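Each remark here refers to the structure printed beneath this line.
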Amino acid sequence: MNRRFFRYVRRSERYIEVKKLSKESRIDEQIKHFYDNVPNVGDALPLKEYLLKHEDSRMAWYLLGKEYEGKGDMAKATYCYAQAGDIYTAFEGKPAPVLPGEKTKGNNRKKWAIALLLPLLLAAGAIYAIRALSDDGDEVGATQQPTPSTPYYEGTASAPPSSGKDGGPDHVKLPAGFVPPGLIAGASGPDARGRDVLGSLLTGKRSTLPRLLVETPQLGKWSDWVKTAKPIAEVMNDPEAGTANVRWYNPKWCDCKPDDPSAATRKQLEGWKPVQEEKAVLRSAMIRYKETKGKWPSSPEQLAADYPNNTMAGWTDNMTPWFEELKSALNDKKDGKLPQTPGWPENTGPETGHGTPAGQLAPVAEQPLQIVIDKTHHRLAVVSGDVILRNYAVGLGGDKTPEGAFVISEKVKDPNGSSTGVFGSRGMTLSDSRYGIHGTDEPNSIGKDESHGCVRMKKEDIEELYDLVPLGTPVTIAKGGLPSELRTPSERFRLKSEQNETNPRKVYDWLN
């Protein structure tokens with residue numbers, strides 16, 4: 001063998017031994033500092049072995065602090081939390097303790113807080129207890145190496161598949177090499193619920209795709225879809241190293257000077273919500289079709305058909321690959337069983353649409369659209385679970401407007417052959433009755449009780465609602481339940497319609 005090789009091996013062995021001794025010496029100093037600062041030195045925890053085992057990381061200090069806190073020894077826990085620094089801040093939602101004699105780091109704290117992947121979140125209170133275990137049970141360490149700025153993973157194969165179309169609003173085009181997030185999670189604030197959402201991003205399934213946390217305001221009990229916009233943080237995972245990095249964009253969430261979101265991230269969010277609405281409409285239509293027909297649709301033409309089979313009011317180019325993706329998944333048996341509901345199309349379509357709604361926005365990807373009508377506030381909302389996507393002003397009939405549960409049993413354009421008549425340009429029948437949701441030629445009646453029982457809407461509102469909700473959509477009418485604040489986007493949702501949705505053979509006599 002080459003003598004150079006043996007010299008290299010001997011040098012490597014000496015380097016490893018020196019590094020090990022240096023590491024142990026450093027930990028010895030930390031342990032001495034620990035006991036110099038913390039009273040009651042009687043300790044059953046193997047501190048040195050623990051830190052050696054976990055590579056002397058900040059996460060190790062945080063985990064050790066949790067053990068001491070669990071034993072009721074807050075003096076030692078506080079010391080460990082101070083050493084954990086940004087890790088403590090990320091999981092506890094407040095600045096890490098500062099030891100006596102040390103200066104606070106303030107805005108000089110690092111912008112990146114790092115946490116281990118795949119811990120187990122324990123639901124006791126708002127505190128995360130974390131086990132640093134990989135899928136195979138191997139221990140993984142935390143690092144403090146920040147992930148490069150966007151664009152991410154340029155030149156790699158980590159980007160999700162795309163249809164090759166820009167998609168979304170025409171003006172939204174993502175930079176070359178930018179990898180859209182795998183998840184976009186909503187959180188209303190840095191409270192317990194918000195920290196739960198952040199924790200789920202840090203500890204979720206391993207992925208090479210970034211995960212974005214965005215601000216989702218609350219409207220009473222509802223999560224506000226329209227006002228969801230501002231980035232809070234970006235989580236980057238490194239599956240091989242078993243680490244997750246957090247890049248902060250909102251000072252309310254960290255004891256740091258946050259970064260500004262990149263132009264690519266802003267563009268991603270600009271085009272993301274309209275594309276998610278397309279997905280939600282398609283998925284809802286497939287579910288309502290199955291409820292009505294007893295089987296899944298086999299083609300787009302079955303969904304966007306002529307009246308009276310117009311489950312959907314139209315189609316978009318994006319929906320074609322999504323439909324094939326969902327159709328394929330519905331025919332794919334798992335454990336010998338077919339899925340009972342469509343998933344969320346994420347592998348096809350425009351890049352602006354990638355990023356499954358998560359956190360407080362998760363219902364959009366999980367629950368079909370419904371309509372809620374509030375007789376007290378004269379409001380009609382399109383909701384998915386506890387997410388409110390739209391909130392319109394409507395005209396009602398007071399006690400003449402019935403309360404209870406209904407479904408959209410019919411959808412028609414230009415009822416009675418007119419787009420400007422008493423029912424406006426769109427009408428939807430409630431449960432085959434004389435009650436309906438339609439337009440009006442009396443826009444001043446909106447917000448009042450002047451109808452004979454029907455729900456009146458402004459032209460731009462009824463036309464958007466008509467495109468959003470498919471046949472079979474449940475409608476709940478009650479007193480109260482919706483916020484008074486209106487919610488509509490600047491660019492309204494529209495479907496391209498090529499089918500015939502008129503019905504000249506019927507004279508409509510809804511209780512206008």
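Each chain of the structure tokens is named A, B, ... in the order shown, its residues numbered from 1; ligands are numbered from 1 in display order.
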Self-check item: Which of region 163-263 of chain A DSSP labels alpha helix (DSSP H), written as a PyMOL selection string
Solution: chain A and resi 192-203+263
Write a file of the just-selected residues containing C-alpha atoms, as a PDB file, in the first residue's frame.
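This is the output file selection-v9.pdb:
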ATOM      1  CA  ALA A 192     -50.497  28.598  21.754  1.00  0.00           C
ATOM      2  CA  ARG A 193     -52.431  27.765  18.596  1.00  0.00           C
ATOM      3  CA  GLY A 194     -49.877  29.516  16.410  1.00  0.00           C
ATOM      4  CA  ARG A 195     -46.971  27.747  18.106  1.00  0.00           C
ATOM      5  CA  ASP A 196     -48.758  24.441  17.495  1.00  0.00           C
ATOM      6  CA  VAL A 197     -48.806  25.251  13.777  1.00  0.00           C
ATOM      7  CA  LEU A 198     -45.110  26.187  13.797  1.00  0.00           C
ATOM      8  CA  GLY A 199     -44.300  23.019  15.697  1.00  0.00           C
ATOM      9  CA  SER A 200     -46.107  20.908  13.109  1.00  0.00           C
ATOM     10  CA  LEU A 201     -43.999  22.469  10.339  1.00  0.00           C
ATOM     11  CA  LEU A 202     -40.792  21.836  12.265  1.00  0.00           C
ATOM     12  CA  THR A 203     -41.606  18.273  13.158  1.00  0.00           C
ATOM     13  CA  ALA A 263     -39.625  38.793  -4.219  1.00  0.00           C
TER      14      ALA A 263
END
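Those residues that approach region 63-68 of chain A to within 8 Å, counting only C-alpha atoms, are Met59, Gly72, Asp73, Met74, Lys76, Ala77, Thr78, Tyr79, Cys80, Tyr81, Ala129 and Ile130 of chain A; same-chain residues fewer than 4 positions away are not listed.
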Quiz prompt | Interatomic distance, CA of Pro342 (chain A) to CA of Gly355 (chain A) (Å, one decimal) | solution = 17.0 Å
How close does each residue of region 377-455 of chain A get to region 283-298 of chain A, giving the shortest atom pair and distance in Å to one decimal for every residue with an atom at most 12 Å away, counting only C-alpha atoms, sorted by chain and residue number, as a tab-separated table?
residue	atom	partner	partner_atom	distance
A:Val383	CA	A:Ser284	CA	11.6
A:Ser384	CA	A:Ser284	CA	9.9
A:Val407	CA	A:Arg288	CA	10.3
A:Ile408	CA	A:Arg288	CA	10.2
A:Ser409	CA	A:Thr292	CA	10.0
Would you save the residues from that selection as a JSON list (two decimals), in the first residue's frame, using N, CA and C atoms?
[["chain", "number", "residue", "atom", "x", "y", "z"],
["A", 383, "VAL", "N", -67.73, 28.84, 3.04],
["A", 383, "VAL", "CA", -66.80, 28.37, 4.07],
["A", 383, "VAL", "C", -66.30, 26.97, 3.74],
["A", 384, "SER", "N", -65.17, 26.65, 4.32],
["A", 384, "SER", "CA", -64.62, 25.29, 4.31],
["A", 384, "SER", "C", -64.18, 25.02, 5.74],
["A", 407, "VAL", "N", -79.91, 22.38, 0.18],
["A", 407, "VAL", "CA", -78.83, 22.14, -0.78],
["A", 407, "VAL", "C", -79.14, 22.90, -2.06],
["A", 408, "ILE", "N", -78.08, 23.21, -2.81],
["A", 408, "ILE", "CA", -78.26, 23.82, -4.12],
["A", 408, "ILE", "C", -78.73, 22.71, -5.08],
["A", 409, "SER", "N", -80.00, 22.75, -5.46],
["A", 409, "SER", "CA", -80.57, 21.68, -6.29],
["A", 409, "SER", "C", -80.64, 22.07, -7.76]]
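By only C-alpha atoms, and with residues fewer than 4 positions from region 449-451 of chain A along its chain excluded, the set lying at most 7 Å from it is Gly395, Leu396, Gly397, Gly398, Ser445 and Asn512 of chain A.
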Residues from last step as file, C-alpha atoms, as an mmCIF file, in the first residue's frame:
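Wrote it out as result06.cif, contents follow:
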data_model
loop_
_atom_site.group_PDB
_atom_site.id
_atom_site.type_symbol
_atom_site.label_atom_id
_atom_site.label_comp_id
_atom_site.auth_asym_id
_atom_site.auth_seq_id
_atom_site.Cartn_x
_atom_site.Cartn_y
_atom_site.Cartn_z
ATOM 1 C CA GLY A 395 -81.021 40.977 1.041
ATOM 2 C CA LEU A 396 -83.458 38.710 2.893
ATOM 3 C CA GLY A 397 -87.109 38.479 3.851
ATOM 4 C CA GLY A 398 -86.967 38.525 7.649
ATOM 5 C CA SER A 445 -82.558 46.153 -0.988
ATOM 6 C CA ASN A 512 -88.481 37.248 -4.626
#
Exercise. With a distance cut-off of 6 Å and only C-alpha atoms, select the neighbouring residues of region 303-319 of chain A, excluding the residue or stretch itself and same-chain residues fewer than 4 positions from it, and output the selection as a PyMOL selection string.
Key: chain A and resi 323+349+467+470-471+495-497+499-501
Self-check item: All strand (DSSP E) residues (DSSP, backbone) inside region 243-468 of chain A, as an NGL selection string
Solution: :A and (243-248 or 356-359 or 370-374 or 379-384 or 387-393 or 404-413 or 426-430 or 436-438 or 455-456)
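Within the 7 Å cut-off around Pro345 (chain A), using only C-alpha atoms and omitting residues fewer than 6 positions from it on the same chain, the listed residues are Trp322, Glu325 and Leu326 of chain A.
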Could you write out that same residue set with C-alpha atoms as an mmCIF file, in the first residue's frame?
data_model
loop_
_atom_site.group_PDB
_atom_site.id
_atom_site.type_symbol
_atom_site.label_atom_id
_atom_site.label_comp_id
_atom_site.auth_asym_id
_atom_site.auth_seq_id
_atom_site.Cartn_x
_atom_site.Cartn_y
_atom_site.Cartn_z
ATOM 1 C CA TRP A 322 -55.677 18.021 -11.372
ATOM 2 C CA GLU A 325 -54.437 13.258 -10.718
ATOM 3 C CA LEU A 326 -57.451 12.933 -8.415
#
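One finds CA of Met457 (chain A) at 18.4 Å from CA of Ser433 (chain A).
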Quiz item: Which neighbours of Trp272 (chain A) fall inside 6 Å, counting only C-alpha atoms, when residues of the same chain fewer than 3 positions from it are skipped, and could you give them as an NGL selection string?
Solution: :A and (268-269 or 275 or 352-353)
Can you tell me which residues surround region 217-223 of chain A at a distance of at most 7 Å, considering only C-alpha atoms, apart from same-chain residues fewer than 2 positions away, and format the answer as a compact mmCIF listing (two decimals) with N, CA and C atoms, in the first residue's frame?
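To be explicit, this is the file written out as out_30.txt:
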# COMPACT_ATOMS: atom_id res chain seq x y z
N SER A 188 -52.79 32.53 13.22
CA SER A 188 -53.34 33.85 13.55
C SER A 188 -52.39 34.69 14.37
N GLU A 215 -49.53 34.68 7.95
CA GLU A 215 -50.46 35.26 8.92
C GLU A 215 -51.90 35.10 8.42
N TRP A 225 -59.59 33.80 5.10
CA TRP A 225 -58.86 33.40 3.89
C TRP A 225 -58.43 34.62 3.07
N LYS A 227 -57.80 37.72 3.85
CA LYS A 227 -56.75 38.56 4.44
C LYS A 227 -55.47 37.79 4.73
N THR A 228 -55.45 36.50 4.47
CA THR A 228 -54.22 35.73 4.63
C THR A 228 -53.21 36.18 3.59
N GLN A 360 -54.01 26.56 10.22
CA GLN A 360 -55.40 27.02 10.32
C GLN A 360 -56.09 27.09 8.96
N ASP A 386 -63.76 25.75 9.32
CA ASP A 386 -63.82 27.04 10.01
C ASP A 386 -63.03 28.12 9.28
N VAL A 387 -62.78 27.91 7.98
CA VAL A 387 -62.15 28.94 7.14
C VAL A 387 -63.24 29.63 6.33
N ILE A 388 -63.28 30.94 6.38
CA ILE A 388 -64.27 31.70 5.63
C ILE A 388 -63.59 32.29 4.40
N PRO A 483 -69.50 36.95 10.76
CA PRO A 483 -69.04 38.31 11.07
C PRO A 483 -69.72 39.32 10.16
Exercise. Take CA of Gln370 (chain A) and CA of Thr440 (chain A) and report the distance between them in Å, one decimal.
Key: 22.3 Å
